[in-house]
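Chemist: Pasting a structure below so you can have a look.
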Amino acid sequence: MSQPNSDYLNCSHDVGLVKEKFFTYDQPFEMEGGFLDEFTLAYETYGELNQSADNAILICHALTGDHHVAGVYSENDAKPGWWNHVVGPNKPIDTNKFFVICSNCLGACKGSTGPTTKKASGQSFGTSFPDLSINDMVRAQKILVDHLGVSKLFAVVGGSMGGMQALQWVVKYPKFSEKAIIIAATAQHTVQTIAFNEAGRRSIMGDPCWKEGEYECKEGPRNGLAVARMMAHITYLSDHGMEEKFGGEKRLDPGKEFEFSVQRYLDYQGEKFIDRFDANSYLKLTEALDRFDLVGESGLEENLSKVEAQTLVIAFSSDWLYTPEQNKKIASALHALGKPASYIQIEDMHGHDSFLIDSPPFLRAVRLFLQGTDQEEEKRSNIDGFRKLKNRYEVKKEADFRVIDNWVESKSRVLDLGCGRGLLLEHLRESKEVTGLGFDLDLEKAISCVARGVSVNQEDIRKGLQNFDDDSFDWVIFSRMVEELPEPGEVLKEAIRVGKKVAVSFVNHGYWRNRLNFIFQGKRVRNEVYPHQWESSHLSNHFSVGEFEEFCQNLTDDKLGYSARVGRKLFHRGDWTGVCKWLPNLRAGLAIYEIIKEKKTYFICS
């Protein structure tokens, strides 16, 4: 990140000069591993608290981060905060709208009480600082937030360790935060992550200068801490990112100190780190991370059962420290509980540190989740394609949407598979108080759902359906996307398992114009309904009304104990406006079916 000059201080998009603040809680504070007579938290704030005291956003920092999120301390010390591109006027976390708080967490070494803090005896805590937990950090933050007069958080936001704190916040204080953004985090460390952390701790404790943690200020196990930082930093990157960064000059002069460019880079990261971080703090914080476990014996769903915050979970494709799968488990547990939660995965080569990079999709997702849709987002929704919907009031102009809207009962729970930009779910929510969840693999469309406050899961439908119990939804909707699925029949059967009713709409490939085209042209139709050439990679399992009717005759699962039958059905002519009442396999351009699941009853003869 480049260093700002005097023009930076006057920039209307930055918070400018900021001041470090300190809060001391002068009462005993019980922790999971002991207690403190008192504690201090260093913090910064940006923006103004409104009269209702409910526009505050708490940002939680990562393992080696701190409270200096945005702005600069002075022209002489003009290094901006670590999330300066995210926090500020007219930025995703807009300080014109929100009162933003970030504290150096308990146990850290940038002004908050931790191992470097001196006790009444004049000696530093060192290793005698109580073992702490993510929960201890969050409880200390809650005391600070109360001190600042905040009645309720608008949102709690954090990445990595900060994401784990944000997750703990909505578990510990389920009614206190309206929203939560959990970024590149996990509900439980893997064995591999614990192993990496333990190796880093061993390198610190194996350094002769560690002296059982009783080292003097600005001394200590510098080599061991540098190695621990190097090891951790490797996990923050990705293979592709490192190859991109160092592959061009992989090998330096063999006669120099560093034969490979990556060696020089890691050495630089280690040296830079030991001048700003304390070894005992590193030990305590990594141990707290390893102990963090919202899965436990009772399971993740049980531990998240009281969460009320609308939640956005963001993962990065190249993150192998806290993988997309680990992030997805958090969102899946919330979805299974019927909680308002969304999951998106951003393609980025920067690994775990991607949330620190100036990434347009990431910034857009954060902005829209916190601030809602805007003119730019509405323009994105009005894109070229055979479905053009400008806003939710045009939903009912869509042939299949109008029918599905009439079928779905008020206050139903609805799963929309291939939900697009979430317009149908938004309409059903506002017109019928429907609780909805959408699935769509397209990041652009998933972020549009986020903008509308529609819960979305950016995941493969086949995998996502497996996370739900039988009868989890009143309705499962396939709106003109069944033909785009591999093995659509199996997916339909799985949808019938998780839903009580299924609505399916599809383009009838047996339509008479399609038949004539093959007879006289000898090739497939190409128009706005069938926009893809045969050689494109777009999956198109086109089928007819007759074929679908045959499929529906065999929707019985003896193993699960249910059968399914066709309920209502409606056909539109080729113009998709007039109703087709006879010979639908030939004359219908669009078909809409209701499939009703029925439990099988078994009689036992005595």
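Residue numbering restarts at 1 for every chain of the structure tokens, chains are lettered A, B, ... in their displayed order, and ligands are numbered from 1 as they appear.
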Show me, as an mmCIF file with C-alpha atoms, in the first residue's frame, the residues that have an atom within 7 Å of Glu38 of chain A when counting only C-alpha atoms, minus same-chain residues fewer than 4 positions from it.
Modeler:
data_model
loop_
_atom_site.group_PDB
_atom_site.id
_atom_site.type_symbol
_atom_site.label_atom_id
_atom_site.label_comp_id
_atom_site.auth_asym_id
_atom_site.auth_seq_id
_atom_site.Cartn_x
_atom_site.Cartn_y
_atom_site.Cartn_z
ATOM 1 C CA TYR A 25 -12.032 -1.168 33.033
ATOM 2 C CA ASP A 26 -11.049 -0.909 36.690
ATOM 3 C CA GLN A 27 -12.940 -3.930 37.988
ATOM 4 C CA PRO A 28 -11.916 -7.593 38.231
ATOM 5 C CA PHE A 29 -12.357 -9.410 34.927
#
Chemist: Tell me, as an mmCIF file with N, CA, C and O atoms, in the first residue's frame, which residues lie within 7 Å of Glu178 of chain A, counting only C-alpha atoms; anything in the same chain fewer than 2 positions away does not count.
Modeler:
data_model
loop_
_atom_site.group_PDB
_atom_site.id
_atom_site.type_symbol
_atom_site.label_atom_id
_atom_site.label_comp_id
_atom_site.auth_asym_id
_atom_site.auth_seq_id
_atom_site.Cartn_x
_atom_site.Cartn_y
_atom_site.Cartn_z
ATOM 1 N N LEU A 153 -25.294 -2.715 18.119
ATOM 2 C CA LEU A 153 -24.416 -2.658 16.961
ATOM 3 C C LEU A 153 -25.230 -2.823 15.676
ATOM 4 O O LEU A 153 -26.097 -3.694 15.592
ATOM 5 N N PHE A 154 -24.941 -2.000 14.695
ATOM 6 C CA PHE A 154 -25.529 -2.232 13.386
ATOM 7 C C PHE A 154 -24.883 -3.460 12.753
ATOM 8 O O PHE A 154 -25.551 -4.244 12.089
ATOM 9 N N ALA A 155 -23.574 -3.606 12.984
ATOM 10 C CA ALA A 155 -22.878 -4.779 12.438
ATOM 11 C C ALA A 155 -21.581 -5.017 13.189
ATOM 12 O O ALA A 155 -20.982 -4.093 13.740
ATOM 13 N N PHE A 176 -27.679 -8.327 20.109
ATOM 14 C CA PHE A 176 -27.002 -7.033 20.192
ATOM 15 C C PHE A 176 -26.534 -6.503 18.840
ATOM 16 O O PHE A 176 -26.320 -5.306 18.692
ATOM 17 N N ALA A 309 -28.574 -12.363 14.134
ATOM 18 C CA ALA A 309 -28.020 -11.395 13.194
ATOM 19 C C ALA A 309 -28.127 -11.891 11.760
ATOM 20 O O ALA A 309 -27.954 -13.083 11.487
ATOM 21 N N GLN A 310 -28.420 -10.985 10.849
ATOM 22 C CA GLN A 310 -28.329 -11.294 9.426
ATOM 23 C C GLN A 310 -26.843 -11.410 9.100
ATOM 24 O O GLN A 310 -26.076 -10.470 9.322
#
Chemist: Given only C-alpha atoms as the basis, pick out the residue of A:Gly111, A:Gly220, A:Gly296, A:Gly213 nearest to Ile274 of chain A.
Modeler: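 For Ile274 of chain A, the nearest of the given residues is A:Gly220.
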Chemist: Grab the atom CA of Gly567 of chain A to atom CA of Ile595 of chain A distance for me, in Å with one decimal place.
Modeler: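 Distance between the two atoms: 5.6 Å.
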Chemist: Would you mind listing what lies within 6 Å of segment 452-462 of chain A as a list in words, with only C-alpha atoms counted and same-chain residues fewer than 6 positions away left out?
Modeler: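 Here the answer would be Pro340, Ala341, Ser342, Tyr343, Ile344, Leu437, Gly438, Phe439, Asp440 and Leu441 of chain A.
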Chemist: Got a sec: who's within 8 Å of Arg364 of chain A, counting only C-alpha atoms, leaving out chain neighbours fewer than 4 positions off, as a VMD selection string?
Modeler: chain A and resid 92 360 368 447
Chemist: Generate the output file for the selected residues, all heavy atoms, as a PDB file, in the first residue's frame.
Modeler:
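What follows is the written file selection-v2.pdb:
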ATOM      1  N   PRO A  92     -16.991   1.280   1.489  1.00  0.00           N
ATOM      2  CA  PRO A  92     -17.933   0.219   1.878  1.00  0.00           C
ATOM      3  C   PRO A  92     -18.411   0.318   3.319  1.00  0.00           C
ATOM      4  O   PRO A  92     -19.590   0.121   3.602  1.00  0.00           O
ATOM      5  CB  PRO A  92     -17.118  -1.058   1.633  1.00  0.00           C
ATOM      6  CG  PRO A  92     -16.230  -0.696   0.496  1.00  0.00           C
ATOM      7  CD  PRO A  92     -15.843   0.731   0.736  1.00  0.00           C
ATOM      8  N   PRO A 360     -12.401  -5.505  -5.980  1.00  0.00           N
ATOM      9  CA  PRO A 360     -13.719  -4.923  -6.284  1.00  0.00           C
ATOM     10  C   PRO A 360     -14.905  -5.790  -5.874  1.00  0.00           C
ATOM     11  O   PRO A 360     -15.852  -5.271  -5.265  1.00  0.00           O
ATOM     12  CB  PRO A 360     -13.651  -4.688  -7.800  1.00  0.00           C
ATOM     13  CG  PRO A 360     -12.199  -4.488  -8.080  1.00  0.00           C
ATOM     14  CD  PRO A 360     -11.496  -5.436  -7.144  1.00  0.00           C
ATOM     15  N   LEU A 368     -22.735  -3.446  -0.216  1.00  0.00           N
ATOM     16  CA  LEU A 368     -24.148  -3.712  -0.455  1.00  0.00           C
ATOM     17  C   LEU A 368     -24.806  -4.420   0.722  1.00  0.00           C
ATOM     18  O   LEU A 368     -25.987  -4.201   1.001  1.00  0.00           O
ATOM     19  CB  LEU A 368     -24.313  -4.530  -1.734  1.00  0.00           C
ATOM     20  CG  LEU A 368     -23.911  -3.795  -3.019  1.00  0.00           C
ATOM     21  CD1 LEU A 368     -23.940  -4.740  -4.206  1.00  0.00           C
ATOM     22  CD2 LEU A 368     -24.805  -2.592  -3.274  1.00  0.00           C
ATOM     23  N   ILE A 447     -24.133 -11.603  -5.279  1.00  0.00           N
ATOM     24  CA  ILE A 447     -23.943 -10.306  -4.623  1.00  0.00           C
ATOM     25  C   ILE A 447     -25.174  -9.430  -4.815  1.00  0.00           C
ATOM     26  O   ILE A 447     -25.550  -8.653  -3.924  1.00  0.00           O
ATOM     27  CB  ILE A 447     -22.668  -9.616  -5.137  1.00  0.00           C
ATOM     28  CG1 ILE A 447     -21.426 -10.415  -4.722  1.00  0.00           C
ATOM     29  CG2 ILE A 447     -22.562  -8.186  -4.593  1.00  0.00           C
ATOM     30  CD1 ILE A 447     -20.109  -9.849  -5.227  1.00  0.00           C
TER      31      ILE A 447
END
Chemist: Counting only C-alpha atoms, which residue out of A:Phe196, A:Phe369, A:Phe292, A:Phe258 sits closest to Leu321 of chain A?
Modeler: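 Closest to Leu321 of chain A, using only C-alpha atoms: A:Phe196.
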Chemist: Please report the interatomic distance between atom CA of Leu41 of chain A and atom CA of Lys21 of chain A in Å with one decimal.
Modeler: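 We find that atom CA of Leu41 of chain A and atom CA of Lys21 of chain A lie 8.4 Å from each other.
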Chemist: Find the spatial neighbours of Ile346 of chain A, counting only C-alpha atoms, within a cut-off of 7 Å - ignore same-chain residues fewer than 2 positions away - and output them as a VMD selection string.
Modeler: chain A and resid 315 to 317 344 348
Chemist: Tyr215 of chain A: which residues within 12 Å, counting only C-alpha atoms, same-chain residues fewer than 4 positions away excluded, as a compact mmCIF listing (two decimals) with C-alpha atoms, in the first residue's frame?
Modeler:
# COMPACT_ATOMS: atom_id res chain seq x y z
CA PRO A 115 1.75 -10.20 28.31
CA THR A 116 3.77 -6.99 27.80
CA GLN A 123 7.25 -6.62 36.10
CA SER A 124 5.53 -7.57 32.87
CA PHE A 125 2.97 -10.37 32.89
CA GLY A 126 4.94 -12.42 30.40
CA THR A 127 3.82 -16.05 30.45
CA MET A 205 10.18 -21.43 22.93
CA ASP A 207 15.04 -19.89 20.96
CA PRO A 208 17.77 -19.48 23.66
CA CYS A 209 16.65 -15.88 24.18
CA TRP A 210 13.11 -16.86 25.17
CA LYS A 211 14.26 -17.45 28.76
CA GLU A 219 14.66 -8.33 23.64
CA GLY A 220 13.54 -11.94 23.60
CA PRO A 221 13.38 -14.77 21.07
CA ARG A 222 13.71 -12.68 17.92
CA ASP A 278 5.67 -9.61 21.22
CA ALA A 279 6.52 -13.31 21.38
CA ASN A 280 4.42 -14.05 24.48
Chemist: Could you work out how far atom CA of Val525 of chain A lies from atom CA of Tyr593 of chain A, giving the answer in Å with one decimal?
Modeler: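 Between these atoms lies a distance of 24.0 Å.
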